[in-house]
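Have a look at the structure below, then the notes.
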Amino acid sequence: MDISAWTRALNRFGIDDPFEPGRTAAHMRKALHEAAPHLDVTPPPLESVRDLTIPGPAGDIPARLYIPNGSTAPAPCVLFCHGGGYFVGDLHSHDALCRRLAAIGGVRVLAVDYRLSPEHVFPAAVEDALAAFDWLAGEGAAEMGADPARLAVAGDSAGGGLAAMLAQARRGQVRFQLLIYPLLQMVERRKSKLKALEGHIFSAIALDQIARYYFADEKDASDKRASPLLEDDLAGLPPAYIAAAELDPLLDEGQAYRDRLIAAGVPVTYKLGKALPHSYFNLTALLPGAKALVDKAALALGDGLRD
């Protein structure tokens with residue numbers, strides 16, 4: 001995305017650029033919170049949206065349940081993990097996206113506000129995501145009106161990495177996975193094609209910042225829970241829909257994961273957002289064509305959970 005166009009769009013609302021390199025985590029969180037309502041087109045209406053908490057390993061995990069019109073329990077349900085490099089993003093920043101996935105896909109969506117770095121380093125986010133999924137698949141299913149036999153995982157960027165991790169760790173329980181330009185490995189952050197592909201919203205600087213905040217020990221980057229691309233055994237994983245961005249430093253690893261899943265016999269649908277940057281699922285008000293791609297992914301999510 002053109003930086004000047006992005007800056008002009010934010011300046012109309014007097015908002016700081018949340019993706020300006022070198023900002024502190026606190027500043028980026030505040031800026032993203034202020035920008036979020038202006039980045040997406042208005043999503044379709046839902047039957048209900050409610051906030052709740054989920055029991056977690058370090059206390060209650062904030063969450064939000066989105067119920068589409070006409071949903072009857074027990075219903076298919078998606079556990080959604082937001083992006084933001086493990087240090088920004090929350091229920092607010094991804095609210096419009098979750099509403100659209102639920103409404104267009106016709107599925108319940110449970111969004112999880114996992115712990116963020118640098119206050120909570122790896123594996124805090126992983127532990128919260130696992131706890132949330134286990135609760136949804138177990139004692140929380142009835143409260144959420146969820147069918148444990150029709151559960152999916154979804155997420156964008158860092159949240160896409162968490163979703164891939166969940167599909168691996170809970171294979172056999174996950175029916176479908178929606179991976180939106182997923183962050184699948186943190187070992188190799190300097191790539192030969194990076195300058196040609198990276199955009200202002202996500203860059204080599206951002207990858208390094210993520211690693212500094214997320215890992216107390218650089219060795220943790222090779223942990224398969226942080227880098228699910230490194231998992232050797234992909235057999236038996238659920239069907240995947242991978243949404244990629246052409247102008248994204250994560251493009252190559254998403255393609256690599258697609259190829260490895262296919263080689264392992266996993267059905268994969270791969271959709272490339274041509275000439276689009278990282279985060280385009282959250283920029284439907286700014287990027288022509290982005291909404292149509294979000295809707296395609298939402299429909300695939302719903303199809304993947306139907307009997």
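Going by the structure tokens order, chains are called A, B, ..., each with residues numbered from 1, while ligands are numbered from 1 in the order shown.
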
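Using only C-alpha atoms, the contacts of Asp40 in chain A at a cut-off of 10 Å, with sequence neighbours closer than 5 positions omitted, comprise Ala35, His94, Asp95, Ala96, Leu97, Tyr280, Phe281, Asn282, Leu283, Thr284, Ala285, Leu286, Leu287, Ala290 and Lys291 of chain A.
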
Tell me, as a PDB file with C-alpha atoms, in the first residue's frame, which residues lie within 7 Å of Ala243 in chain A, counting only C-alpha atoms; anything in the same chain fewer than 5 positions away does not count.
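Output (out30.pdb):
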```
ATOM      1  CA  LEU A 179      -4.932 -18.954   7.875  1.00  0.00           C
ATOM      2  CA  ILE A 180      -4.797 -15.291   6.842  1.00  0.00           C
ATOM      3  CA  TYR A 181      -1.272 -14.272   5.716  1.00  0.00           C
ATOM      4  CA  TYR A 270      -4.925 -20.844  -1.625  1.00  0.00           C
ATOM      5  CA  LYS A 271      -6.073 -17.334  -2.491  1.00  0.00           C
ATOM      6  CA  LEU A 272      -3.554 -14.614  -3.345  1.00  0.00           C
TER       7      LEU A 272
END
```

Report as a PyMOL selection string: the residues of range 104-300 of chain A with a DSSP assignment of strand (DSSP E or B), based on the backbone of this structure. chain A and resi 108-112+146-156+176-180+240-247+268-277

Can you build me a table of range 8-120 of chain A residues sitting at most 10 Å from range 143-157 of chain A, with the closest atom pair per residue and its distance in Å to one decimal, using only C-alpha atoms, sorted by chain and residue number, as a Markdown table?
```
| residue | atom | partner | partner_atom | distance |
| --- | --- | --- | --- | --- |
| A:Leu65 | CA | A:Met144 | CA | 7.5 |
| A:Tyr66 | CA | A:Met144 | CA | 9.6 |
| A:Ile67 | CA | A:Met144 | CA | 9.2 |
| A:Ser71 | CA | A:Gly145 | CA | 9.1 |
| A:Thr72 | CA | A:Gly145 | CA | 7.8 |
| A:Ala73 | CA | A:Gly145 | CA | 4.7 |
| A:Pro74 | CA | A:Asp147 | CA | 4.7 |
| A:Ala75 | CA | A:Ala146 | CA | 4.8 |
| A:Pro76 | CA | A:Arg150 | CA | 4.9 |
| A:Cys77 | CA | A:Leu151 | CA | 5.1 |
| A:Val78 | CA | A:Ala152 | CA | 4.6 |
| A:Leu79 | CA | A:Val153 | CA | 4.9 |
| A:Phe80 | CA | A:Ala154 | CA | 4.8 |
| A:Cys81 | CA | A:Gly155 | CA | 4.7 |
| A:His82 | CA | A:Gly155 | CA | 5.5 |
| A:Gly83 | CA | A:Ser157 | CA | 4.9 |
| A:Gly84 | CA | A:Ser157 | CA | 6.9 |
| A:Gly85 | CA | A:Ser157 | CA | 7.1 |
| A:Tyr86 | CA | A:Ser157 | CA | 9.3 |
| A:His94 | CA | A:Asp156 | CA | 9.6 |
| A:Cys98 | CA | A:Gly155 | CA | 9.8 |
| A:Leu101 | CA | A:Ala154 | CA | 10.0 |
| A:Val107 | CA | A:Ala146 | CA | 9.6 |
| A:Arg108 | CA | A:Ala146 | CA | 7.6 |
| A:Val109 | CA | A:Ala152 | CA | 9.2 |
| A:Leu110 | CA | A:Met144 | CA | 8.3 |
| A:Ala111 | CA | A:Gly155 | CA | 9.3 |
```

- [ ] Enumerate the residues of range 131-193 of chain A with a DSSP assignment of alpha helix (DSSP H), computed from the backbone, and present them as a PyMOL selection string.
- [x] chain A and resi 131-137+141-144+158-169

Q: Find the residues near Leu261 in chain A: any atom within 12 Å, counting only C-alpha atoms, skip ones fewer than 2 places away on the same chain, and give them as an MDAnalysis selection string.
A: chainID A and resid 164 167:168 177 228:229 231:242 254:259 263:270

Using only C-alpha atoms, the best pick from A:Asp307, A:Ile54, A:Gly59, A:Leu247 as closest to Ala141 in chain A would be A:Ile54
